[in-house]
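K.L.:
Quick one: this structure, given as structure tokens, is what I'll be asking you about.
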Amino acid sequence: MEQITRLAETETSPFVQFTVWIWDGSRYSGMLCMALSSIIYCIMEVLSDVFTAQSIPLFEMAFTRCTVILILSFVWLKRSRQPIFGTSSVRKLLVLRAFMGYLSLLSFIYCIQRVPLSQAIMLNFTTPIVAAVAARVILHEKLKIAEIGGLACSFFGVLFIFRPVLNIQGSTEAGEANISYVKGSNHLYAVLVGLVSSTVGGVSYCFIRAGAKAADQPLLTVFAFGLFATPAAAICAFIFEGFVLPGFYTLLLMVILGSLAFLAEITVARALQLEKTSKVVNILYLQAASTQLLGMSLSRIVPTFGRLVGCTLILISACCTMYVGPEKEVD
């Protein structure tokens with residue numbers, strides 16, 4: 001039996017061994033899963049930027065992505081012979097996670113349609129801070145000074161990265177006061193909706209953690225979101241925008257992005273299942289740093305002092321979080 005076990009281990013590919021190690025083979029698995037999700041989100045952003053496709057309404061794109069997430073999570077649950085809807089004690093958490101997650105997505109789509117993209121991204125990056133505070137209130141997790149400092153350092157890094165873009169857009173808006181999205185109260189209302197998106201998204205992270213821990217299966221939280229968000233996104237697309245028939249190339253790109261989104265969602269759920277919220281959400285800021293560094297290496301983003309300082313702050317904060325190490329809860 002020992003020889004057979006050793007033979008099976010040697011026949012397993014290094015990629016599979018590395019994936020298993022990230023998933024549950026290290027005391028840093030929670031942080032590693034969150035770092036992996038940040039890298040996946042970065043790849044999605046680069047693919048969307050590099051490969052141009054036909055213009056598709058945002059709600060239709062959300063519907064396609066949620067459909068792919070729903071199908072993949074359903075197939076995974078069936079193949080692993082896991083209960084589709086979980087136990088009765090977990091369903092309330094799953095419903096709250098699905099509702100909060102889609103409400104955050106809906107308000108974010110509204111925000112990016114009415115404010116400059118960089119401002120919407122800045123508002124979205126307040127989600128980890130809200131998640132840490134919400135975990136203190138909802139999950140009664142301890143929020144240490146070092147964790148607050150790490151989140152502040154990472155957020156200042158994001159401010160350094162997007163400050164030049166905000167300055168350029170600010171001067172453009174000053175010269176073009178008739179643009180619709182900068183009209184006084186309308187612009188303020190869109191910003192408030194963006195803050196609602198970040199707040200609800202942070203609360204959603206708490207329900208992801210609670211649901212994943214209660215069900216002992218992070219995939220259920222992903223399936224619940226897909227099950228709720230897919231018909232909701234279809235209804236919103238039909239009411240507010242209408243459907244546009246995508247070409248084969250565009251549809252293929254949307255399916256690939258949806259598959260990557262599924263991997264990102266399940267690694268986020270696994271990270272929150274394993275590790276304290278205020279620690280792992282700080283790793284999410286690696287998405288901003290990795291996107292900037294990859295864009296600079298591909299000569300698609302001009303390296304500036306502010307961007308380099310911002311990426312450095314985020315990397316230092318993430319490395320300090322990893323160095324301090326995970327904090328397992330004692331049941």
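Order determines the names: the first chain of the structure tokens is A, the second B, and so forth; residues in each chain are numbered 1 upward, and ligands are numbered 1 upward as they are shown.
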Find the spatial neighbours of Ile266 (chain A), counting only C-alpha atoms, within a cut-off of 9 Å - ignore same-chain residues fewer than 6 positions away - and output them as a ChimeraX atom specification.

P.N.:
/A:33,37,73,218-219,221-222

K.L.:
So how many Å separate CA of Arg114 (chain A) and CA of Leu96 (chain A), to one decimal?

P.N.:
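Atom-to-atom, CA of Arg114 (chain A) to CA of Leu96 (chain A), that is 27.4 Å.
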
K.L.:
Neighbouring residues of region 130-147 of chain A were defined as those with any atom within 8 Å, considering only C-alpha atoms; residues of the same chain fewer than 2 positions away were excluded. Please report them as a ChimeraX atom specification.

P.N.:
/A:126-128,149-151,198-199,201-206,210,276-279,281,321

K.L.:
As an exercise, work out the distance from CA of Gln217 (chain A) to CA of Leu103 (chain A) in Å and give it to one decimal place.

P.N.:
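Between CA of Gln217 (chain A) and CA of Leu103 (chain A) the gap is 23.1 Å.
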
K.L.:
Determine, counting only C-alpha atoms, which protein, DNA and RNA residues have an atom within 6 Å of an atom of region 273-275 of chain A; residues of the same chain fewer than 6 positions away are not included. Present the result as a list in words.

P.N.:
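Everything that qualifies: Gly30, Arg209, Ala212 and Lys213 of chain A.
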
K.L.:
Print the selection's residues with N, CA and C atoms to a file, as a PDB file, in the first residue's frame.

P.N.:
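Final output, saved to result-v3.pdb:
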```pdb
ATOM      1  N   GLY A  30      -5.499  30.371   3.260  1.00  0.00           N
ATOM      2  CA  GLY A  30      -6.504  31.415   3.136  1.00  0.00           C
ATOM      3  C   GLY A  30      -5.981  32.634   2.399  1.00  0.00           C
ATOM      4  N   ARG A 209     -18.340  34.369   4.353  1.00  0.00           N
ATOM      5  CA  ARG A 209     -17.565  33.686   5.393  1.00  0.00           C
ATOM      6  C   ARG A 209     -18.464  32.855   6.299  1.00  0.00           C
ATOM      7  N   ALA A 212     -19.909  29.855   4.192  1.00  0.00           N
ATOM      8  CA  ALA A 212     -18.898  28.854   3.855  1.00  0.00           C
ATOM      9  C   ALA A 212     -18.478  28.051   5.079  1.00  0.00           C
ATOM     10  N   LYS A 213     -18.365  28.713   6.228  1.00  0.00           N
ATOM     11  CA  LYS A 213     -17.980  27.999   7.440  1.00  0.00           C
ATOM     12  C   LYS A 213     -19.122  27.105   7.943  1.00  0.00           C
TER      13      LYS A 213
END
```

K.L.:
Of the candidates A:Phe18, A:Phe162, A:Leu77, A:Phe225, which shows the shortest atom-to-atom distance to Phe99 (chain A), using only C-alpha atoms?

P.N.:
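For Phe99 (chain A), the nearest of the candidates is A:Phe225.
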
K.L.:
For the structure I just gave you, how does DSSP split region 19-138 of chain A - specifically, which residues are helix (DSSP H, G or I)? Reply as an MDAnalysis selection string.

P.N.:
chainID A and resid 19:24 29:50 58:79 88:112 117:124 127:138

K.L.:
Compare A:Arg307, A:Arg65, A:Arg97, A:Arg79 by their minimum atom-to-atom distance to Phe160 (chain A), counting only C-alpha atoms, and give me the closest one.

P.N.:
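Ranked by minimum distance to Phe160 (chain A), first place goes to A:Arg307.
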
K.L.:
As a PyMOL selection string, please: the residues near region 81-90 of chain A (cut-off 8 Å, only C-alpha atoms, same-chain neighbours under 5 positions excluded).

P.N.:
chain A and resi 74+211+214-215+220+224

K.L.:
Of the candidates A:Met100, A:Met322, A:Val95, A:Leu36, which shows the shortest atom-to-atom distance to Val200 (chain A), using only C-alpha atoms?

P.N.:
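Smallest distance to Val200 (chain A) is found for A:Met100.
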
K.L.:
Record the distance separating CA of Tyr41 (chain A) and CA of Ala237 (chain A), expressed in Å with one decimal.

P.N.:
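Separation between CA of Tyr41 (chain A) and CA of Ala237 (chain A): 23.6 Å.
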
K.L.:
Give me the residues within 10 Å of Leu253 (chain A) as a list in words, counting only C-alpha atoms and dropping any in the same chain fewer than 4 places off.

P.N.:
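Near neighbours after the sequence-gap exclusion: Leu47, Ser48, Phe51, Thr52, Ala53, Gly247, Phe248, Tyr249, Leu257, Gly258 and Ser259 of chain A.
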
K.L.:
What lies within 7 Å of Gly157 (chain A) using only C-alpha atoms, ignoring chain neighbours under 5 positions off, as a short mmCIF file (atom, residue, chain, number, x, y, z; two decimals) with C-alpha atoms, in the first residue's frame?

P.N.:
```
data_model
loop_
_atom_site.label_atom_id
_atom_site.label_comp_id
_atom_site.auth_asym_id
_atom_site.auth_seq_id
_atom_site.Cartn_x
_atom_site.Cartn_y
_atom_site.Cartn_z
CA VAL A 309 4.68 54.36 -4.99
CA GLY A 310 1.13 53.02 -4.89
CA CYS A 311 2.17 49.53 -6.03
CA LEU A 313 2.65 50.47 -0.63
CA ILE A 314 0.23 47.70 -1.57
#
```
